[in-house]
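> Handing you a structure now.
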Amino acid sequence: MIKNRIAILGIFDIIIVFWIVWFERQIQYEPLLDYSSNLSAMKLPLHPEVYNTMIITIILNIVALIYELRIDSISEFKRSHWLILSGYFIIVLFCMITGYRYISTRASDGVIDEYNTLFRFPIWLFGKELFSSFITITSLYYSLFALHICLCMLNLYLCVKKMKE
């Protein structure tokens with residue numbers, strides 16, 4: 001049984017990537033009726049379920065890393081913890097870059113909508129026009145991506161610092 005939370009998060013992230021790949025392979029798109037249109041300009045739609053899963057997974061990872069930083073500040077250093085954190089950092093980079101490529105190649109119409117459960121409350125609170133003027137799907141992903149990478153690097157830095165002590 002794995003007791004390290006970071007290792008569990010890494011496995012969870014890999015499972016989410018496999019779920020997204022499986023989900024995308026289950027979708028069948030109809031062929032275009034107008035064959036004279038520019039096929040290279042056409043983008044497949046980004047599904048809100050996939051985007052919501054990606055964002056919620058990143059938020060859960062951020063919360064778990066903050067919790068780990070809080071716990072690790074009082075615990076002693078273990079060499080295996082550094083190896084697990086390094087592997088987790090590589091997994092996070094792979095998942096985030098793959099997620100960026102996935103989001104950037106999709107059309108984002110209908111993701112930030114009052115029917116999407118992730119954005120329902122903020123849209124109700126601020127209104128769709130105001131909310132969508134300063135939050136886009138890519139800006140939200142980029143900001144969470146940057147925060148997550150910074151927390152991973154901070155966690156690695158603290159591990160290296162404890163290793164030197």
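We label chains A, B, ... in the order they appear in the structure tokens, count residues from 1 in each chain, and number ligands from 1 in the order shown.
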Find the residues around Thr138 (chain A) up to 10 Å (only C-alpha atoms counted), leave out those fewer than 2 positions away in its own chain, and share them as a list in words.
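My reading of the contact set: Tyr100, Ile103, Ser104, Ser108, Ile135, Thr136, Leu140, Tyr141, Tyr142, Ser143 and Leu144 of chain A.
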> Could you take the residues named above and write them with all heavy atoms, as a JSON list (two decimals), in the first residue's frame?

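In the end it all went to part20.json:
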```
[["chain", "number", "residue", "atom", "x", "y", "z"],
["A", 100, "TYR", "N", -1.93, 21.47, -21.99],
["A", 100, "TYR", "CA", -1.82, 22.71, -22.76],
["A", 100, "TYR", "C", -2.02, 22.44, -24.26],
["A", 100, "TYR", "O", -2.76, 23.15, -24.93],
["A", 100, "TYR", "CB", -0.46, 23.36, -22.52],
["A", 100, "TYR", "CG", -0.13, 24.41, -23.55],
["A", 100, "TYR", "CD1", -0.76, 25.64, -23.53],
["A", 100, "TYR", "CD2", 0.78, 24.15, -24.57],
["A", 100, "TYR", "CE1", -0.48, 26.60, -24.50],
["A", 100, "TYR", "CE2", 1.06, 25.10, -25.53],
["A", 100, "TYR", "CZ", 0.44, 26.31, -25.49],
["A", 100, "TYR", "OH", 0.71, 27.24, -26.45],
["A", 103, "ILE", "N", -5.74, 21.67, -24.88],
["A", 103, "ILE", "CA", -6.62, 22.85, -24.83],
["A", 103, "ILE", "C", -6.37, 23.77, -26.01],
["A", 103, "ILE", "O", -7.31, 24.32, -26.59],
["A", 103, "ILE", "CB", -6.43, 23.60, -23.49],
["A", 103, "ILE", "CG1", -7.03, 22.78, -22.36],
["A", 103, "ILE", "CG2", -7.07, 24.97, -23.53],
["A", 103, "ILE", "CD1", -6.76, 23.35, -20.99],
["A", 104, "SER", "N", -5.12, 23.95, -26.40],
["A", 104, "SER", "CA", -4.82, 24.90, -27.47],
["A", 104, "SER", "C", -5.28, 24.43, -28.84],
["A", 104, "SER", "O", -5.46, 25.25, -29.74],
["A", 104, "SER", "CB", -3.32, 25.20, -27.49],
["A", 104, "SER", "OG", -2.60, 24.03, -27.84],
["A", 108, "SER", "N", -12.99, 26.53, -27.91],
["A", 108, "SER", "CA", -13.44, 26.65, -26.53],
["A", 108, "SER", "C", -14.85, 27.21, -26.39],
["A", 108, "SER", "O", -15.24, 27.63, -25.31],
["A", 108, "SER", "CB", -12.47, 27.54, -25.76],
["A", 108, "SER", "OG", -12.44, 28.83, -26.34],
["A", 135, "ILE", "N", -11.67, 36.12, -17.43],
["A", 135, "ILE", "CA", -11.31, 34.70, -17.27],
["A", 135, "ILE", "C", -11.58, 33.99, -18.59],
["A", 135, "ILE", "O", -12.71, 34.00, -19.08],
["A", 135, "ILE", "CB", -12.13, 34.02, -16.16],
["A", 135, "ILE", "CG1", -11.85, 34.62, -14.80],
["A", 135, "ILE", "CG2", -11.88, 32.53, -16.13],
["A", 135, "ILE", "CD1", -10.49, 34.31, -14.24],
["A", 136, "THR", "N", -10.54, 33.40, -19.14],
["A", 136, "THR", "CA", -10.70, 32.54, -20.31],
["A", 136, "THR", "C", -10.23, 31.15, -19.92],
["A", 136, "THR", "O", -9.58, 30.98, -18.87],
["A", 136, "THR", "CB", -9.87, 33.06, -21.51],
["A", 136, "THR", "OG1", -8.48, 33.03, -21.15],
["A", 136, "THR", "CG2", -10.28, 34.46, -21.91],
["A", 140, "LEU", "N", -7.11, 30.67, -17.14],
["A", 140, "LEU", "CA", -7.32, 29.90, -15.92],
["A", 140, "LEU", "C", -6.36, 28.72, -15.87],
["A", 140, "LEU", "O", -5.73, 28.46, -14.84],
["A", 140, "LEU", "CB", -8.77, 29.42, -15.83],
["A", 140, "LEU", "CG", -9.14, 28.59, -14.61],
["A", 140, "LEU", "CD1", -8.94, 29.40, -13.33],
["A", 140, "LEU", "CD2", -10.57, 28.12, -14.72],
["A", 141, "TYR", "N", -6.21, 28.02, -16.98],
["A", 141, "TYR", "CA", -5.29, 26.88, -17.04],
["A", 141, "TYR", "C", -3.85, 27.33, -16.82],
["A", 141, "TYR", "O", -3.11, 26.71, -16.06],
["A", 141, "TYR", "CB", -5.44, 26.14, -18.37],
["A", 141, "TYR", "CG", -4.63, 24.87, -18.42],
["A", 141, "TYR", "CD1", -5.10, 23.71, -17.84],
["A", 141, "TYR", "CD2", -3.39, 24.83, -19.05],
["A", 141, "TYR", "CE1", -4.37, 22.55, -17.87],
["A", 141, "TYR", "CE2", -2.65, 23.68, -19.09],
["A", 141, "TYR", "CZ", -3.13, 22.53, -18.50],
["A", 141, "TYR", "OH", -2.39, 21.38, -18.53],
["A", 142, "TYR", "N", -3.44, 28.42, -17.48],
["A", 142, "TYR", "CA", -2.07, 28.92, -17.33],
["A", 142, "TYR", "C", -1.77, 29.34, -15.90],
["A", 142, "TYR", "O", -0.69, 29.05, -15.37],
["A", 142, "TYR", "CB", -1.80, 30.10, -18.25],
["A", 142, "TYR", "CG", -1.78, 29.79, -19.71],
["A", 142, "TYR", "CD1", -2.09, 30.76, -20.64],
["A", 142, "TYR", "CD2", -1.45, 28.53, -20.19],
["A", 142, "TYR", "CE1", -2.08, 30.50, -22.00],
["A", 142, "TYR", "CE2", -1.44, 28.25, -21.54],
["A", 142, "TYR", "CZ", -1.75, 29.24, -22.44],
["A", 142, "TYR", "OH", -1.74, 28.97, -23.78],
["A", 143, "SER", "N", -2.69, 30.03, -15.27],
["A", 143, "SER", "CA", -2.44, 30.49, -13.91],
["A", 143, "SER", "C", -2.36, 29.31, -12.93],
["A", 143, "SER", "O", -1.48, 29.29, -12.06],
["A", 143, "SER", "CB", -3.50, 31.49, -13.47],
["A", 143, "SER", "OG", -4.77, 30.91, -13.51],
["A", 144, "LEU", "N", -3.24, 28.35, -13.07],
["A", 144, "LEU", "CA", -3.16, 27.17, -12.21],
["A", 144, "LEU", "C", -1.91, 26.34, -12.52],
["A", 144, "LEU", "O", -1.29, 25.79, -11.61],
["A", 144, "LEU", "CB", -4.42, 26.31, -12.36],
["A", 144, "LEU", "CG", -5.70, 26.90, -11.77],
["A", 144, "LEU", "CD1", -6.88, 26.01, -12.08],
["A", 144, "LEU", "CD2", -5.56, 27.12, -10.28]]
```
> If we count only C-alpha atoms, what is near Ile14 (chain A) at a cut-off of 9 Å, once residues fewer than 5 positions away on the same chain are taken out, given as a CSV table (one decimal) with N, CA, C and O atoms, in the first residue's frame?

```csv
chain,number,residue,atom,x,y,z
A,9,LEU,N,-0.8,11.1,-5.7
A,9,LEU,CA,-1.2,12.2,-6.6
A,9,LEU,C,-0.6,11.9,-8.0
A,9,LEU,O,-1.3,12.2,-9.0
A,19,TRP,N,-7.9,8.6,-18.7
A,19,TRP,CA,-9.3,8.8,-18.8
A,19,TRP,C,-9.7,9.8,-19.9
A,19,TRP,O,-10.6,9.6,-20.7
A,91,ILE,N,6.1,14.0,-13.8
A,91,ILE,CA,4.7,13.6,-14.2
A,91,ILE,C,3.9,14.9,-14.4
A,91,ILE,O,3.1,15.0,-15.4
A,95,CYS,N,2.0,16.0,-17.7
A,95,CYS,CA,0.5,16.2,-17.7
A,95,CYS,C,0.1,17.7,-18.1
A,95,CYS,O,-0.8,17.9,-18.9
```
> Between A:Ile149, A:Leu65, A:Ile56, A:Ala7, which residue has the minimum interatomic distance to Phe119 (chain A), considering only C-alpha atoms?
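Comparing A:Ile149, A:Leu65, A:Ile56, A:Ala7 against Phe119 (chain A), the winner is A:Ile56.
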> For a quick check of understanding, using only C-alpha atoms, which of A:Glu49, A:Asp13, A:Ile66, A:Trp22 has the smallest distance to Leu118 (chain A)?
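The answer is A:Glu49, which sits nearest to Leu118 (chain A).
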> Measuring atom to atom with only C-alpha atoms, identify which of A:Leu151, A:Asp113, A:Tyr157, A:Glu165 is nearest to Ile59 (chain A).
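Under the stated criterion, the closest residue is A:Leu151.
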> From the options A:Tyr88, A:Leu130, A:Pro48, A:Gly99, which residue's atoms come nearest to Thr117 (chain A), counting only C-alpha atoms?
A:Pro48
> Which parts of chain A does DSSP call alpha helix (DSSP H) when run on the backbone here, written out as a ChimeraX atom specification?
/A:5-26,48-72,79-104,120-126,128-134,137-164
> Quick check, in Å to one decimal: how far apart do CA of Gly10 (chain A) and CA of Cys150 (chain A) lie?
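Between CA of Gly10 (chain A) and CA of Cys150 (chain A) the gap works out to 16.4 Å.
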> Pick the closest to Arg120 (chain A) from A:Leu93, A:Leu44, A:His148, A:Ser132: which is it, counting only C-alpha atoms?
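Of A:Leu93, A:Leu44, A:His148, A:Ser132, the one nearest Arg120 (chain A) is A:Ser132, counting only C-alpha atoms.
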> Any idea what's packed within 12 Å of Ile27 (chain A), counting only C-alpha atoms, ignoring anything in its chain fewer than 5 positions away? Could you give it as number ranges by chain?
A: 20-22, 44-47
> As a list in words, please: all residues of chain A that backbone DSSP puts in strand (DSSP E).
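The strand (DSSP E) residues within chain A come out as Leu44, Pro45, Arg106 and Ala107 of chain A.
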> Taking only C-alpha atoms into account, which of A:Met153, A:Met54, A:Ile11, A:Leu60 comes nearest Trp82 (chain A)?
A:Met153
> For CA of Ile62 (chain A) and CA of Leu154 (chain A), determine how far apart the two atoms are, in Å to one decimal place.
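Between these atoms lies a distance of 12.0 Å.
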